[in-house]
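The file upload12.pdb contains PDB, C-alpha atoms:
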```
ATOM      1  CA  ALA V1180      13.729  -1.700 -12.112  1.00  0.00           C
ATOM      2  CA  GLN V1181      10.849  -3.538 -10.544  1.00  0.00           C
ATOM      3  CA  SER V1182       7.293  -2.622 -11.440  1.00  0.00           C
ATOM      4  CA  VAL V1183       3.882  -4.206 -11.551  1.00  0.00           C
ATOM      5  CA  THR V1184       1.052  -4.032 -14.079  1.00  0.00           C
ATOM      6  CA  GLN V1185      -2.524  -4.941 -13.344  1.00  0.00           C
ATOM      7  CA  LEU V1186      -4.564  -5.826 -16.399  1.00  0.00           C
ATOM      8  CA  GLY V1187      -8.077  -4.446 -16.222  1.00  0.00           C
ATOM      9  CA  SER V1188      -9.033  -1.558 -13.991  1.00  0.00           C
ATOM     10  CA  HIS V1189     -12.552  -2.970 -13.532  1.00  0.00           C
ATOM     11  CA  VAL V1190     -13.701  -6.569 -13.344  1.00  0.00           C
ATOM     12  CA  SER V1191     -17.309  -7.624 -12.889  1.00  0.00           C
ATOM     13  CA  VAL V1192     -18.402 -11.147 -11.980  1.00  0.00           C
ATOM     14  CA  SER V1193     -21.565 -12.861 -10.860  1.00  0.00           C
ATOM     15  CA  GLU V1194     -21.883 -14.168  -7.340  1.00  0.00           C
ATOM     16  CA  GLY V1195     -20.542 -17.712  -7.289  1.00  0.00           C
ATOM     17  CA  ALA V1196     -18.394 -17.233 -10.391  1.00  0.00           C
ATOM     18  CA  LEU V1197     -14.624 -17.520 -10.627  1.00  0.00           C
ATOM     19  CA  VAL V1198     -12.638 -14.415  -9.785  1.00  0.00           C
ATOM     20  CA  LEU V1199      -9.438 -13.822 -11.767  1.00  0.00           C
ATOM     21  CA  LEU V1200      -7.468 -10.631 -11.296  1.00  0.00           C
ATOM     22  CA  ARG V1201      -4.320 -10.339 -13.364  1.00  0.00           C
ATOM     23  CA  CYS V1202      -0.949  -9.032 -12.328  1.00  0.00           C
ATOM     24  CA  ASN V1203       2.343  -9.070 -14.184  1.00  0.00           C
ATOM     25  CA  TYR V1204       5.606  -7.898 -12.720  1.00  0.00           C
ATOM     26  CA  SER V1205       8.980  -6.930 -14.038  1.00  0.00           C
ATOM     27  CA  SER V1206      11.953  -7.565 -11.860  1.00  0.00           C
ATOM     28  CA  SER V1207      15.632  -8.187 -12.395  1.00  0.00           C
ATOM     29  CA  VAL V1208      15.837 -10.248  -9.220  1.00  0.00           C
ATOM     30  CA  PRO V1209      13.440 -12.691  -7.558  1.00  0.00           C
ATOM     31  CA  PRO V1210      10.714 -10.459  -6.224  1.00  0.00           C
ATOM     32  CA  TYR V1211       8.512 -10.345  -3.188  1.00  0.00           C
ATOM     33  CA  LEU V1212       4.928 -10.059  -4.436  1.00  0.00           C
ATOM     34  CA  PHE V1213       1.745  -9.121  -2.636  1.00  0.00           C
ATOM     35  CA  TRP V1214      -1.965  -8.721  -3.107  1.00  0.00           C
ATOM     36  CA  TYR V1215      -3.718  -6.148  -0.972  1.00  0.00           C
ATOM     37  CA  VAL V1216      -7.447  -5.442  -0.767  1.00  0.00           C
ATOM     38  CA  GLN V1217      -9.107  -2.123  -0.024  1.00  0.00           C
ATOM     39  CA  TYR V1218     -12.729  -2.158   1.049  1.00  0.00           C
ATOM     40  CA  PRO V1219     -14.716   1.073   0.715  1.00  0.00           C
ATOM     41  CA  ASN V1220     -13.577   3.762   3.132  1.00  0.00           C
ATOM     42  CA  GLN V1221     -10.877   1.573   4.597  1.00  0.00           C
ATOM     43  CA  GLY V1222      -7.121   1.185   4.393  1.00  0.00           C
ATOM     44  CA  LEU V1223      -5.319  -1.555   2.543  1.00  0.00           C
ATOM     45  CA  GLN V1224      -5.241  -5.029   4.016  1.00  0.00           C
ATOM     46  CA  LEU V1225      -2.852  -7.819   3.080  1.00  0.00           C
ATOM     47  CA  LEU V1226      -4.537 -10.702   1.241  1.00  0.00           C
ATOM     48  CA  LEU V1227      -1.471 -12.822   0.592  1.00  0.00           C
ATOM     49  CA  LYS V1228       2.229 -12.654  -0.142  1.00  0.00           C
ATOM     50  CA  TYR V1229       4.861 -14.550  -2.099  1.00  0.00           C
ATOM     51  CA  THR V1230       8.345 -14.540  -0.605  1.00  0.00           C
ATOM     52  CA  SER V1231      10.082 -17.299  -2.615  1.00  0.00           C
ATOM     53  CA  ALA V1232       8.661 -20.272  -0.752  1.00  0.00           C
ATOM     54  CA  ALA V1233       5.734 -22.175  -2.330  1.00  0.00           C
ATOM     55  CA  THR V1234       4.656 -20.835  -5.704  1.00  0.00           C
ATOM     56  CA  LEU V1235       0.959 -21.302  -4.882  1.00  0.00           C
ATOM     57  CA  VAL V1236       0.097 -18.955  -2.088  1.00  0.00           C
ATOM     58  CA  LYS V1237      -3.119 -19.120  -0.116  1.00  0.00           C
ATOM     59  CA  GLY V1238      -4.505 -16.018   1.494  1.00  0.00           C
ATOM     60  CA  ILE V1239      -7.461 -14.880   3.483  1.00  0.00           C
ATOM     61  CA  ASN V1240     -11.108 -15.085   2.437  1.00  0.00           C
ATOM     62  CA  GLY V1241     -10.497 -18.002   0.052  1.00  0.00           C
ATOM     63  CA  PHE V1242      -8.143 -16.143  -2.292  1.00  0.00           C
ATOM     64  CA  GLU V1243      -4.980 -17.619  -3.710  1.00  0.00           C
ATOM     65  CA  ALA V1244      -2.314 -16.609  -6.192  1.00  0.00           C
ATOM     66  CA  GLU V1245       0.271 -18.497  -8.189  1.00  0.00           C
ATOM     67  CA  PHE V1246       3.741 -17.196  -8.884  1.00  0.00           C
ATOM     68  CA  LYS V1247       4.769 -18.107 -12.436  1.00  0.00           C
ATOM     69  CA  LYS V1248       8.301 -17.038 -13.156  1.00  0.00           C
ATOM     70  CA  SER V1249       8.145 -18.008 -16.830  1.00  0.00           C
ATOM     71  CA  GLU V1250       5.157 -15.732 -17.336  1.00  0.00           C
ATOM     72  CA  THR V1251       6.249 -13.091 -14.778  1.00  0.00           C
ATOM     73  CA  SER V1252       2.740 -13.288 -13.410  1.00  0.00           C
ATOM     74  CA  PHE V1253       1.095 -13.391 -10.013  1.00  0.00           C
ATOM     75  CA  HIS V1254      -2.632 -13.634 -10.782  1.00  0.00           C
ATOM     76  CA  LEU V1255      -5.171 -13.646  -7.971  1.00  0.00           C
ATOM     77  CA  THR V1256      -8.027 -16.135  -8.027  1.00  0.00           C
ATOM     78  CA  LYS V1257     -11.003 -17.217  -5.995  1.00  0.00           C
ATOM     79  CA  PRO V1258     -13.181 -20.147  -7.084  1.00  0.00           C
ATOM     80  CA  SER V1259     -16.505 -18.617  -6.069  1.00  0.00           C
ATOM     81  CA  ALA V1260     -17.138 -14.895  -5.680  1.00  0.00           C
ATOM     82  CA  HIS V1261     -19.138 -13.540  -2.787  1.00  0.00           C
ATOM     83  CA  MET V1262     -20.868 -10.192  -2.607  1.00  0.00           C
ATOM     84  CA  SER V1263     -18.506  -9.190   0.204  1.00  0.00           C
ATOM     85  CA  ASP V1264     -15.526  -9.543  -2.176  1.00  0.00           C
ATOM     86  CA  ALA V1265     -16.484  -6.301  -3.896  1.00  0.00           C
ATOM     87  CA  ALA V1266     -13.467  -4.066  -3.309  1.00  0.00           C
ATOM     88  CA  GLU V1267     -10.361  -2.712  -4.968  1.00  0.00           C
ATOM     89  CA  TYR V1268      -7.423  -5.076  -5.262  1.00  0.00           C
ATOM     90  CA  PHE V1269      -3.811  -4.019  -5.560  1.00  0.00           C
ATOM     91  CA  CYS V1270      -0.879  -6.087  -6.685  1.00  0.00           C
ATOM     92  CA  ALA V1271       2.458  -4.928  -5.308  1.00  0.00           C
ATOM     93  CA  VAL V1272       6.134  -5.720  -5.657  1.00  0.00           C
ATOM     94  CA  THR V1273       9.047  -4.765  -3.497  1.00  0.00           C
ATOM     95  CA  LEU V1274      11.566  -2.393  -5.022  1.00  0.00           C
ATOM     96  CA  ALA V1275      15.093  -2.513  -3.745  1.00  0.00           C
ATOM     97  CA  ALA V1276      16.369   1.030  -3.301  1.00  0.00           C
ATOM     98  CA  GLY V1277      19.683   1.753  -1.695  1.00  0.00           C
ATOM     99  CA  GLY V1278      19.686  -1.547   0.153  1.00  0.00           C
ATOM    100  CA  TYR V1279      16.209  -1.153   1.522  1.00  0.00           C
ATOM    101  CA  ASN V1280      12.903  -2.419   0.241  1.00  0.00           C
ATOM    102  CA  LYS V1281       9.886  -0.323  -0.573  1.00  0.00           C
ATOM    103  CA  LEU V1282       6.532  -1.455  -1.847  1.00  0.00           C
ATOM    104  CA  ILE V1283       5.403  -0.412  -5.317  1.00  0.00           C
ATOM    105  CA  PHE V1284       1.718  -0.810  -6.142  1.00  0.00           C
ATOM    106  CA  GLY V1285      -0.089  -1.484  -9.360  1.00  0.00           C
ATOM    107  CA  ALA V1286      -2.918   0.786 -10.438  1.00  0.00           C
ATOM    108  CA  GLY V1287      -5.533  -1.435  -8.834  1.00  0.00           C
ATOM    109  CA  THR V1288      -8.476  -3.460 -10.091  1.00  0.00           C
ATOM    110  CA  ARG V1289     -11.953  -2.716  -8.859  1.00  0.00           C
ATOM    111  CA  LEU V1290     -13.968  -5.899  -8.476  1.00  0.00           C
ATOM    112  CA  ALA V1291     -17.754  -5.711  -8.698  1.00  0.00           C
ATOM    113  CA  VAL V1292     -19.867  -8.730  -7.746  1.00  0.00           C
ATOM    114  CA  HIS V1293     -23.462  -8.807  -8.893  1.00  0.00           C
ATOM    115  CA  PRO V1294     -26.264 -11.170  -7.881  1.00  0.00           C
TER     116      PRO V1294
ATOM    117  CA  ASP N  43      -7.741  -3.319  12.993  1.00  0.00           C
ATOM    118  CA  SER N  44      -4.190  -3.048  11.675  1.00  0.00           C
ATOM    119  CA  GLY N  45      -2.850  -1.300  14.761  1.00  0.00           C
ATOM    120  CA  VAL N  46      -1.833   1.769  12.754  1.00  0.00           C
ATOM    121  CA  THR N  47      -3.661   4.940  13.801  1.00  0.00           C
ATOM    122  CA  GLN N  48      -4.068   8.001  11.656  1.00  0.00           C
ATOM    123  CA  THR N  49      -5.566  11.368  12.550  1.00  0.00           C
ATOM    124  CA  PRO N  50      -7.536  13.229  11.454  1.00  0.00           C
ATOM    125  CA  LYS N  51      -9.791  10.968   9.404  1.00  0.00           C
ATOM    126  CA  HIS N  52     -11.184  13.871   7.423  1.00  0.00           C
ATOM    127  CA  LEU N  53      -9.837  17.335   6.813  1.00  0.00           C
ATOM    128  CA  ILE N  54     -11.242  20.165   4.706  1.00  0.00           C
ATOM    129  CA  THR N  55      -9.146  23.226   4.084  1.00  0.00           C
ATOM    130  CA  ALA N  56      -8.529  25.977   1.561  1.00  0.00           C
ATOM    131  CA  THR N  57      -5.855  26.462  -1.064  1.00  0.00           C
ATOM    132  CA  GLY N  58      -2.659  27.966   0.254  1.00  0.00           C
ATOM    133  CA  GLN N  59      -3.125  26.517   3.722  1.00  0.00           C
ATOM    134  CA  ARG N  60      -0.931  24.080   5.633  1.00  0.00           C
ATOM    135  CA  VAL N  61      -2.018  20.872   7.359  1.00  0.00           C
ATOM    136  CA  THR N  62      -0.373  18.178   9.424  1.00  0.00           C
ATOM    137  CA  LEU N  63      -1.351  14.532   9.297  1.00  0.00           C
ATOM    138  CA  ARG N  64      -0.387  12.255  12.136  1.00  0.00           C
ATOM    139  CA  CYS N  65       0.402   8.561  12.256  1.00  0.00           C
ATOM    140  CA  SER N  66       1.069   6.158  15.108  1.00  0.00           C
ATOM    141  CA  PRO N  67       2.609   2.891  13.885  1.00  0.00           C
ATOM    142  CA  ARG N  68       1.898  -0.575  15.228  1.00  0.00           C
ATOM    143  CA  SER N  69       3.536  -1.313  18.518  1.00  0.00           C
ATOM    144  CA  GLY N  70       7.135  -2.398  17.854  1.00  0.00           C
ATOM    145  CA  ASP N  71       7.258  -1.258  14.235  1.00  0.00           C
ATOM    146  CA  LEU N  72      10.237   0.935  13.431  1.00  0.00           C
ATOM    147  CA  SER N  73       9.412   1.886   9.850  1.00  0.00           C
ATOM    148  CA  VAL N  74       6.711   4.306   8.783  1.00  0.00           C
ATOM    149  CA  TYR N  75       5.648   4.857   5.185  1.00  0.00           C
ATOM    150  CA  TRP N  76       3.428   7.539   3.690  1.00  0.00           C
ATOM    151  CA  TYR N  77       1.346   6.989   0.559  1.00  0.00           C
ATOM    152  CA  GLN N  78      -0.976   9.278  -1.379  1.00  0.00           C
ATOM    153  CA  GLN N  79      -4.013   7.820  -3.107  1.00  0.00           C
ATOM    154  CA  SER N  80      -5.861   9.879  -5.691  1.00  0.00           C
ATOM    155  CA  LEU N  81      -8.187   8.984  -8.532  1.00  0.00           C
ATOM    156  CA  ASP N  82      -5.811  10.061 -11.276  1.00  0.00           C
ATOM    157  CA  GLN N  83      -2.470   8.986  -9.759  1.00  0.00           C
ATOM    158  CA  GLY N  84      -3.424   5.822  -7.915  1.00  0.00           C
ATOM    159  CA  LEU N  85      -1.395   4.807  -4.880  1.00  0.00           C
ATOM    160  CA  GLN N  86       1.873   6.734  -4.825  1.00  0.00           C
ATOM    161  CA  PHE N  87       4.728   6.155  -2.391  1.00  0.00           C
ATOM    162  CA  LEU N  88       5.802   9.408  -0.769  1.00  0.00           C
ATOM    163  CA  ILE N  89       8.422   8.712   1.857  1.00  0.00           C
ATOM    164  CA  GLN N  90       9.713   6.174   4.377  1.00  0.00           C
ATOM    165  CA  TYR N  91      11.255   6.613   7.800  1.00  0.00           C
ATOM    166  CA  TYR N  92      13.095   4.027   9.824  1.00  0.00           C
ATOM    167  CA  ASN N  93      13.704   4.636  13.521  1.00  0.00           C
ATOM    168  CA  GLY N  94      13.642   8.392  13.100  1.00  0.00           C
ATOM    169  CA  GLU N  95      15.707   8.638   9.935  1.00  0.00           C
ATOM    170  CA  GLU N  96      14.539   9.172   6.381  1.00  0.00           C
ATOM    171  CA  ARG N  97      15.120   5.914   4.530  1.00  0.00           C
ATOM    172  CA  ALA N  98      13.582   6.273   1.072  1.00  0.00           C
ATOM    173  CA  LYS N  99      11.885   8.973  -0.927  1.00  0.00           C
ATOM    174  CA  GLY N 100       9.289   8.610  -3.614  1.00  0.00           C
ATOM    175  CA  ASN N 101       7.122  11.115  -5.442  1.00  0.00           C
ATOM    176  CA  ILE N 102       6.972  13.619  -2.624  1.00  0.00           C
ATOM    177  CA  LEU N 103       6.592  17.267  -3.550  1.00  0.00           C
ATOM    178  CA  GLU N 104       8.908  19.897  -2.089  1.00  0.00           C
ATOM    179  CA  ARG N 105       5.846  21.496  -0.457  1.00  0.00           C
ATOM    180  CA  PHE N 106       5.461  18.301   1.576  1.00  0.00           C
ATOM    181  CA  SER N 107       7.677  17.191   4.404  1.00  0.00           C
ATOM    182  CA  ALA N 108       7.626  14.480   7.008  1.00  0.00           C
ATOM    183  CA  GLN N 109       9.410  13.379  10.122  1.00  0.00           C
ATOM    184  CA  GLN N 110       9.445  10.524  12.579  1.00  0.00           C
ATOM    185  CA  PHE N 111       9.773  11.337  16.247  1.00  0.00           C
ATOM    186  CA  PRO N 112      11.644   9.450  19.008  1.00  0.00           C
ATOM    187  CA  ASP N 113       8.413   7.754  20.081  1.00  0.00           C
ATOM    188  CA  LEU N 114       8.176   6.526  16.442  1.00  0.00           C
ATOM    189  CA  HIS N 115       5.020   8.393  15.526  1.00  0.00           C
ATOM    190  CA  SER N 116       5.235  10.318  12.278  1.00  0.00           C
ATOM    191  CA  GLU N 117       3.788  13.505  10.846  1.00  0.00           C
ATOM    192  CA  LEU N 118       3.286  14.487   7.240  1.00  0.00           C
ATOM    193  CA  ASN N 119       3.195  18.235   6.668  1.00  0.00           C
ATOM    194  CA  LEU N 120       1.514  19.557   3.549  1.00  0.00           C
ATOM    195  CA  SER N 121       1.926  23.259   2.809  1.00  0.00           C
ATOM    196  CA  SER N 122       0.809  25.770   0.175  1.00  0.00           C
ATOM    197  CA  LEU N 123      -2.005  23.389  -0.578  1.00  0.00           C
ATOM    198  CA  GLU N 124      -3.432  23.151  -4.068  1.00  0.00           C
ATOM    199  CA  LEU N 125      -6.668  21.663  -5.326  1.00  0.00           C
ATOM    200  CA  GLY N 126      -4.707  18.727  -6.722  1.00  0.00           C
ATOM    201  CA  ASP N 127      -3.489  17.770  -3.275  1.00  0.00           C
ATOM    202  CA  SER N 128      -6.960  16.518  -2.416  1.00  0.00           C
ATOM    203  CA  ALA N 129      -6.471  12.818  -1.797  1.00  0.00           C
ATOM    204  CA  LEU N 130      -6.395  10.028   0.730  1.00  0.00           C
ATOM    205  CA  TYR N 131      -3.117   9.922   2.614  1.00  0.00           C
ATOM    206  CA  PHE N 132      -2.181   6.582   4.079  1.00  0.00           C
ATOM    207  CA  CYS N 133       0.372   5.750   6.673  1.00  0.00           C
ATOM    208  CA  ALA N 134       1.760   2.232   6.936  1.00  0.00           C
ATOM    209  CA  SER N 135       4.267   0.578   9.200  1.00  0.00           C
ATOM    210  CA  ASN N 136       6.352  -2.563   9.501  1.00  0.00           C
ATOM    211  CA  ARG N 137       9.422  -3.929  11.219  1.00  0.00           C
ATOM    212  CA  PRO N 138      12.651  -5.394   9.830  1.00  0.00           C
ATOM    213  CA  SER N 139      12.542  -9.127   9.252  1.00  0.00           C
ATOM    214  CA  GLY N 140      15.825 -10.127  10.859  1.00  0.00           C
ATOM    215  CA  ARG N 141      18.338  -9.148  13.483  1.00  0.00           C
ATOM    216  CA  ASN N 142      20.788  -6.491  12.286  1.00  0.00           C
ATOM    217  CA  ARG N 143      18.983  -6.144   9.003  1.00  0.00           C
ATOM    218  CA  VAL N 144      16.873  -3.260   7.901  1.00  0.00           C
ATOM    219  CA  THR N 145      15.753  -4.911   4.684  1.00  0.00           C
ATOM    220  CA  ASP N 146      12.418  -6.667   4.882  1.00  0.00           C
ATOM    221  CA  THR N 147       9.896  -8.334   2.612  1.00  0.00           C
ATOM    222  CA  GLY N 148       7.934  -5.155   2.192  1.00  0.00           C
ATOM    223  CA  GLU N 149       4.719  -6.318   3.862  1.00  0.00           C
ATOM    224  CA  LEU N 150       3.012  -3.261   5.247  1.00  0.00           C
ATOM    225  CA  PHE N 151       0.242  -2.599   7.717  1.00  0.00           C
ATOM    226  CA  PHE N 152      -1.941   0.328   6.743  1.00  0.00           C
ATOM    227  CA  GLY N 153      -3.955   2.820   8.692  1.00  0.00           C
ATOM    228  CA  GLU N 154      -7.425   3.825   7.553  1.00  0.00           C
ATOM    229  CA  GLY N 155      -6.158   7.000   5.968  1.00  0.00           C
ATOM    230  CA  SER N 156      -6.712  10.731   6.243  1.00  0.00           C
ATOM    231  CA  ARG N 157      -8.957  12.182   3.584  1.00  0.00           C
ATOM    232  CA  LEU N 158      -7.855  15.686   2.652  1.00  0.00           C
ATOM    233  CA  THR N 159     -10.142  17.962   0.683  1.00  0.00           C
ATOM    234  CA  VAL N 160      -8.719  21.240  -0.570  1.00  0.00           C
ATOM    235  CA  LEU N 161     -11.333  23.783  -1.661  1.00  0.00           C
TER     236      LEU N 161
END
```
Would you write the structure of this file as structure tokens?
Amino acid sequence: AQSVTQLGSHVSVSEGALVLLRCNYSSSVPPYLFWYVQYPNQGLQLLLKYTSAATLVKGINGFEAEFKKSETSFHLTKPSAHMSDAAEYFCAVTLAAGGYNKLIFGAGTRLAVHP
Amino acid sequence: DSGVTQTPKHLITATGQRVTLRCSPRSGDLSVYWYQQSLDQGLQFLIQYYNGEERAKGNILERFSAQQFPDLHSELNLSSLELGDSALYFCASNRPSGRNRVTDTGELFFGEGSRLTVL
């Protein structure tokens, strides 16, 4: 069965520092992987997605993630954090169920950015 | 703006009551998904509809039910409410990725949620 684990429920970085949010997946077949972001009092918004094309995926707001099959990882990075990046980030994997896909989310990582 | 509309945005009710949450998907999307987000359970998949038919079920309680209407909007009905049902309920939608296929990558477009408070 497919599932996803996010390491670290809270991450705090300084403005301008590297952001690294970790995500590991388990899947018996090549997965579709996603990062979503949830800003306060808002719904989830797609940051980026991996669908078996390039292993380095670029998303919005300067974020990117690299699919590493050997490590079953899909970590999210951003070279330089901005105050506006403070939000909750969810890694997700598709789960094949009865021939149809559904999205399974990790527990989320809350990113705090301080001056 | 994702194009997915949810009403009401906030709802306060008492234990034992019943509420209905409404969702209008993005124009052209055939699938609607419902998720529950709470502090202790995180983001939990409840149920999916595709073109009016139930397609997949997750951790949805028997006290909860949903349906998708011919115009593709969906309603989530929560009955015999308990304190633990207090949560954000999200609706999401998408469309199949290819002709004659109902499988898709799983990318979803979320509404802003309905916050339910049960007192």
Each chain N residue no farther than 12 Å from chain V, nearest pair in Å, all atoms listed in the file, as a Markdown table:
```
| residue | atom | partner | partner_atom | distance |
| --- | --- | --- | --- | --- |
| N:Asp43 | CA | V:Gln1224 | CA | 9.5 |
| N:Ser44 | CA | V:Gln1224 | CA | 8.0 |
| N:Gly45 | CA | V:Gly1222 | CA | 11.5 |
| N:Val46 | CA | V:Gly1222 | CA | 9.9 |
| N:Thr47 | CA | V:Gly1222 | CA | 10.7 |
| N:Gln48 | CA | V:Gly1222 | CA | 10.4 |
| N:Lys51 | CA | V:Asn1220 | CA | 10.3 |
| N:His52 | CA | V:Asn1220 | CA | 11.2 |
| N:Ser73 | CA | V:Lys1281 | CA | 10.7 |
| N:Val74 | CA | V:Lys1281 | CA | 10.9 |
| N:Tyr75 | CA | V:Lys1281 | CA | 8.8 |
| N:Trp76 | CA | V:Leu1282 | CA | 11.0 |
| N:Tyr77 | CA | V:Leu1282 | CA | 10.2 |
| N:Gln78 | CA | V:Phe1284 | CA | 11.5 |
| N:Gln79 | CA | V:Ala1286 | CA | 10.2 |
| N:Ser80 | CA | V:Ala1286 | CA | 10.7 |
| N:Leu81 | CA | V:Ala1286 | CA | 9.9 |
| N:Asp82 | CA | V:Ala1286 | CA | 9.8 |
| N:Gln83 | CA | V:Ala1286 | CA | 8.2 |
| N:Gly84 | CA | V:Ala1286 | CA | 5.7 |
| N:Leu85 | CA | V:Phe1284 | CA | 6.5 |
| N:Gln86 | CA | V:Phe1284 | CA | 7.7 |
| N:Phe87 | CA | V:Ile1283 | CA | 7.2 |
| N:Leu88 | CA | V:Lys1281 | CA | 10.6 |
| N:Ile89 | CA | V:Lys1281 | CA | 9.5 |
| N:Gln90 | CA | V:Lys1281 | CA | 8.2 |
| N:Tyr91 | CA | V:Lys1281 | CA | 11.0 |
| N:Tyr92 | CA | V:Tyr1279 | CA | 10.3 |
| N:Glu96 | CA | V:Tyr1279 | CA | 11.5 |
| N:Arg97 | CA | V:Tyr1279 | CA | 7.8 |
| N:Ala98 | CA | V:Ala1276 | CA | 7.4 |
| N:Lys99 | CA | V:Ala1276 | CA | 9.4 |
| N:Gly100 | CA | V:Lys1281 | CA | 9.5 |
| N:Asn101 | CA | V:Ile1283 | CA | 11.7 |
| N:Leu130 | CA | V:Gly1222 | CA | 9.6 |
| N:Tyr131 | CA | V:Gly1222 | CA | 9.8 |
| N:Phe132 | CA | V:Gly1222 | CA | 7.3 |
| N:Cys133 | CA | V:Gly1222 | CA | 9.1 |
| N:Ala134 | CA | V:Leu1223 | CA | 9.2 |
| N:Ser135 | CA | V:Lys1281 | CA | 11.3 |
| N:Asn136 | CA | V:Lys1281 | CA | 10.9 |
| N:Arg137 | CA | V:Asn1280 | CA | 11.6 |
| N:Pro138 | CA | V:Tyr1279 | CA | 10.0 |
| N:Ser139 | CA | V:Asn1280 | CA | 11.2 |
| N:Arg143 | CA | V:Tyr1279 | CA | 9.4 |
| N:Val144 | CA | V:Tyr1279 | CA | 6.8 |
| N:Thr145 | CA | V:Tyr1279 | CA | 4.9 |
| N:Asp146 | CA | V:Asn1280 | CA | 6.3 |
| N:Thr147 | CA | V:Tyr1211 | CA | 6.3 |
| N:Gly148 | CA | V:Leu1282 | CA | 5.7 |
| N:Glu149 | CA | V:Phe1213 | CA | 7.7 |
| N:Leu150 | CA | V:Leu1225 | CA | 7.7 |
| N:Phe151 | CA | V:Gln1224 | CA | 7.0 |
| N:Phe152 | CA | V:Leu1223 | CA | 5.7 |
| N:Gly153 | CA | V:Gly1222 | CA | 5.6 |
| N:Glu154 | CA | V:Gly1222 | CA | 4.1 |
| N:Gly155 | CA | V:Gly1222 | CA | 6.1 |
| N:Ser156 | CA | V:Gly1222 | CA | 9.7 |
| N:Arg157 | CA | V:Asn1220 | CA | 9.6 |
```
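You can rank V:Cys1270, V:Leu1226, V:Ala1260, V:Val1216 by their closest distance to Val1198 of chain V using all atoms listed in the file, and at the top of that list sits V:Ala1260.
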Select all residues near (-10.2, -6.2, -4.4) (cut-off 6 Å, inclusive, file coordinates), counting only C-alpha atoms, and output them as a list in words. Val1216, Ala1266, Glu1267, Tyr1268, Arg1289 and Leu1290 of chain V
For the PyMOL selection byres ((chain V and resi 1256) around 12), applied here, can you spell out every residue it catches as a PyMOL selection string? chain V and resi 1196-1202+1214+1226-1227+1235-1246+1253-1255+1257-1260+1264+1268+1290
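Going from atom CA of Leu158 of chain N to atom CA of Thr49 of chain N covers 11.0 Å.
Atom pair atom CA of Leu125 of chain N / atom CA of Thr159 of chain N: separated by 7.9 Å.
Between atom CA of Ser1263 of chain V and atom CA of His1189 of chain V the interatomic distance comes to 16.2 Å.
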Shortest interatomic distance to Pro50 of chain N - which of N:Arg105, N:Phe111, N:Glu117, N:Leu161, counting only C-alpha atoms: N:Glu117
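Take the candidates N:Leu72, N:Ile102, N:Val160, N:Ile54 and check each one against Leu118 of chain N using all atoms listed in the file; the shortest distance goes to N:Ile102.
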Emit as AutoDock Vina command-line options the padded axis-aligned box for all listed atoms of segment 88-103 of chain N, 3 Å per side, with centre and edge lengths in Å to one decimal.
```
--center_x 10.8 --center_y 10.6 --center_z 4.0 --size_x 15.9 --size_y 19.2 --size_z 25.0
```
Could you please give me, as a VMD selection string, the residues of protein, DNA or RNA lying at most 8 Å from (-3.6, 20.0, 8.6) in the coordinate frame of the file, considering all atoms listed in the file? chain N and resid 53 55 60 to 63 119 to 120
Using all atoms listed in the file, which protein or nucleic acid residues come within 7 Å of Val1292 of chain V? Drop anything in the same chain fewer than 2 positions from it, and give the result as an mmCIF file with C-alpha atoms, in the coordinates of the input.
```cif
data_model
loop_
_atom_site.group_PDB
_atom_site.id
_atom_site.type_symbol
_atom_site.label_atom_id
_atom_site.label_comp_id
_atom_site.auth_asym_id
_atom_site.auth_seq_id
_atom_site.Cartn_x
_atom_site.Cartn_y
_atom_site.Cartn_z
ATOM 1 C CA SER V 1191 -17.309 -7.624 -12.889
ATOM 2 C CA VAL V 1192 -18.402 -11.147 -11.980
ATOM 3 C CA SER V 1193 -21.565 -12.861 -10.860
ATOM 4 C CA GLU V 1194 -21.883 -14.168 -7.340
ATOM 5 C CA HIS V 1261 -19.138 -13.540 -2.787
ATOM 6 C CA MET V 1262 -20.868 -10.192 -2.607
ATOM 7 C CA ALA V 1265 -16.484 -6.301 -3.896
ATOM 8 C CA LEU V 1290 -13.968 -5.899 -8.476
ATOM 9 C CA PRO V 1294 -26.264 -11.170 -7.881
#
```
